[in-house]
Each structure stands twice: as C-alpha cells, then as structure tokens.
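J.: Take this structure, written in structure tokens, and hold onto it; I'll ask about it next.
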Amino acid sequence: MRSARIYRTARYIPLNLSSFQDMTLTRVPANLISGFLGAGKTTVILNLLAQRPPAERWAVLINDFGKIILNDAVRDSGGGIVAREVSGGCICCTAQVELRTALVRLLREARPQRLLIELSSAGRPSAILNVLREKSIAEALDLRASLCVLDPHQFADPALGARADYLEQMVFADILVINKNDTAGSVEMAKIREAAAKLPGRMAVVTAQGQISATLLDAPARSA
C-alpha cells in the first residue's frame with residue numbers, strides 16, 4: 001500500500017495555471033461543502049470519499065483544523081485520496097491567498113478527478129465561491145453543487161439559527177443536507193423543512209449519520 005499523502009501549504013507560489021496547458025488536464029469537478037461544528041460535515045465527507053470509484057483520485061482541501069479523522073481515509077485509499085490543509089486562518093477571509101496557492105499546488109501535484117473543498121465551521125461561502133469563479137480558477141475547475149450540512153437541533157436554537165453566517169451557508173448552498181433526522185424531534189424537523197422550502201431552487205436531502213449518495217456531487221451549481 002502506498003503511503004498516505006497529506007500536503008500542507010508551506011510557501012506562496014504565483015497563481016499561474018498556464019502550466020496546465022501541457023498537462024492535457026480537463027476541468028476538475030469541484031464541490032464546496034459547508035456546515036457548522038457538530039452538524040456532521042466531516043461524516044458526510046467521509047461517506048462521500050468511501051464512494052470514490054477505485055480508478056479515480058479525489059482531493060480534499062481542508063480548512064477546519066485538526067481533521068485527523070480524515071487521515072485514515074487518506075491512508076487506506078492507497079493514494080486514491082489526497083488531502084491538503086489550508087493554513088493561515090479561515091479561507092473566506094484572511095487566507096484567500098493561501099486558498100489560491102493551495103488550489104494551484106493541489107491541482108498540479110495530485111491531478112485529481114474530483115475536488116472537495118471544506119469550508120470552516122463558521123465560514124462564509126460567498127467569498128470562497130467568488131474565488132472559485134475567478135477566471136484563472138474557473139479555467140481549471142468545473143464548479144458543481146455546493147452542499148450545506150445542517151443539524152435540525154442546531155437550527156432550532158435561536159442563538160445559532162438566526163446568525164448571519166449560519167444563514168449564509170444555507171442561502172449559498174445548492175443542496176441542503178438535513179442530517180441527524182434519526183435524533184431530531186418532529187418540531188425541529190418541521191422548522192428546518194419549512195426554512196428549506198423558503199429557499200427556491202435548492203434540493204433538500206434528509207438523512208442520518210451523513211449518508212448521502214455521491215451522485216449528488218454531479219448536480220449543477222446555480223447560476224452566480
């Protein structure tokens with residue numbers, strides 16, 4: 001078994017994707033995955049990685065620190081999963097330069113067939129989506145549906161459910177993954193279903209233990 005490969009951003013390199021021209025590299029399908037701490041975002045990512053076709057290499061760009069739980073998935077993939085951590089803070093604000101650098105290096109070195117980008121717990125997806133839609137980045141990435149993982153119990157908490165950063169993750173998502181329906185109460189489920197219904201054009205997926213189909217990753221992103 002090949003050793004695990006976890007890359008960390010160590011130095012700045014110019015944002016220059018022109019070197020891809022001699023790589024015969026097609027645009028890489030990419031998905032942004034958000035969700036507040038405790039919603040089950042990491043579990044969703046792990047379940048998606050477990051569905052990776054054996055012949056494909058997938059990459060994960062990690063923003064939340066301490067994601068040691070992904071190490072086993074990387075190690076056991078035999079080189080089929082590559083992970084990189086973006087250092088320097090939240091990629092939606094202070095670390096946008098690091099995000100661009102990490103994207104370039106990851107695409108150059110790993111040449112993945114799929115890229116999952118994990119937003120930090122309280123991150124704002126609008127800033128990240130703006131970066132991913134920049135011309136130089138969009139030439140290398142095929143941005144597909146963004147996912148937001150939600151916990152009905154968290155949503156029912158007024159202190160959290162009304163926060164601007166929490167609501168932004170829902171608004172900018174293409175797919176709302178309503179997780180933990182096995183432990184949520186009927187009132188909590190009714191509240192989050194009602195909120196999801198007020199967001200036209202979004203798909204709502206109700207599940208437990210982060211179990212969703214990887215086919216959702218190929219759903220299209222809404223127009224910017």
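Identifiers in the structure tokens: chain A, B, ... in order shown; residue index from 1 per chain; ligand index from 1 in order shown.
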Can you pull out the residues contacting Leu32 in chain A? Cut-off 7 Å, using only C-alpha atoms, and skip same-chain residues under 3 positions away; I want them as a PDB file with N, CA, C and O atoms, in the first residue's frame.

T.:
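Ended up saving to out27.pdb:
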```pdb
ATOM      1  N   LEU A 116     -13.053  18.178  -3.372  1.00  0.00           N
ATOM      2  CA  LEU A 116     -13.995  18.596  -2.340  1.00  0.00           C
ATOM      3  C   LEU A 116     -13.314  19.686  -1.519  1.00  0.00           C
ATOM      4  O   LEU A 116     -12.197  19.504  -1.041  1.00  0.00           O
ATOM      5  N   ILE A 117     -13.997  20.819  -1.347  1.00  0.00           N
ATOM      6  CA  ILE A 117     -13.457  21.930  -0.581  1.00  0.00           C
ATOM      7  C   ILE A 117     -14.304  22.107   0.671  1.00  0.00           C
ATOM      8  O   ILE A 117     -15.505  22.384   0.580  1.00  0.00           O
ATOM      9  N   GLU A 118     -13.692  21.927   1.817  1.00  0.00           N
ATOM     10  CA  GLU A 118     -14.405  22.035   3.079  1.00  0.00           C
ATOM     11  C   GLU A 118     -14.298  23.448   3.631  1.00  0.00           C
ATOM     12  O   GLU A 118     -13.199  23.964   3.848  1.00  0.00           O
ATOM     13  N   LEU A 119     -15.430  24.067   3.857  1.00  0.00           N
ATOM     14  CA  LEU A 119     -15.462  25.399   4.458  1.00  0.00           C
ATOM     15  C   LEU A 119     -15.339  25.267   5.975  1.00  0.00           C
ATOM     16  O   LEU A 119     -15.814  24.291   6.563  1.00  0.00           O
ATOM     17  N   SER A 146     -22.921  23.138  -4.447  1.00  0.00           N
ATOM     18  CA  SER A 146     -22.404  23.355  -3.101  1.00  0.00           C
ATOM     19  C   SER A 146     -23.358  22.715  -2.105  1.00  0.00           C
ATOM     20  O   SER A 146     -24.577  22.819  -2.251  1.00  0.00           O
ATOM     21  N   LEU A 147     -22.798  22.056  -1.095  1.00  0.00           N
ATOM     22  CA  LEU A 147     -23.600  21.361  -0.095  1.00  0.00           C
ATOM     23  C   LEU A 147     -23.486  22.063   1.248  1.00  0.00           C
ATOM     24  O   LEU A 147     -22.404  22.500   1.631  1.00  0.00           O
TER      25      LEU A 147
END
```

J.: Using DSSP assignments from the backbone, pull out every residue in range 148-214 of chain A that falls under strand (DSSP E or B) and give it to me as a list in words.

T.: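 For range 148-214 of chain A, the strand (DSSP E or B) set is Cys148, Val149, Leu150, Ile175, Leu176, Val177, Ile178, Met203, Ala204, Val205 and Val206 of chain A.
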
J.: Residues near range 167-179 of chain A, anyone? I mean within 9 Å using only C-alpha atoms, not counting same-chain ones fewer than 5 positions away, as a PyMOL selection string.

T.: chain A and resi 32-36+39-40+44+122-126+129+144-152+161-162+184+189+192-193+196+199+201-212+216+219-222

J.: Select, from A:Ala156, A:Ala59, A:Leu143, A:Leu217, the residue with the minimum atom-to-atom distance to Val74 in chain A, counting only C-alpha atoms.

T.: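 Closest residue, counting only C-alpha atoms: A:Ala59.
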
J.: So, with only C-alpha atoms as the atoms that count, which of A:Asp165, A:Arg105, A:His153, A:Arg114 lies closest to Val187 in chain A?

T.: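 Among the listed residues, A:His153 lies closest to Val187 in chain A.
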
J.: Select, from A:Gln51, A:Arg27, A:Asn63, A:Ile45, the residue with the minimum atom-to-atom distance to Ala214 in chain A, counting only C-alpha atoms.

T.: A:Gln51

J.: So that I can check the surroundings of Leu49 in chain A, please list as a PyMOL selection string every protein, DNA and RNA residue that reaches within 9 Å of it, counting only C-alpha atoms and ignoring chain neighbours fewer than 6 positions away.

T.: chain A and resi 58+73+81+214

J.: Would you compute the distance between CA of Val82 in chain A and CA of Leu46 in chain A? Give it in Å to one decimal.

T.: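 CA of Leu46 in chain A lies 12.9 Å from CA of Val82 in chain A.
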
J.: Would you please give, as number ranges by chain, all residues of range 103-196 of chain A that DSSP assigns to helix (DSSP H, G or I) based on the backbone?

T.: A: 103-110, 125-132, 135-138, 152-155, 158-161, 164-171, 186-196

J.: From the options A:Arg75, A:Lys135, A:Arg57, A:Lys180, which residue's atoms come nearest to Leu115 in chain A, counting only C-alpha atoms?

T.: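 Selected residue with least distance to Leu115 in chain A: A:Arg57.
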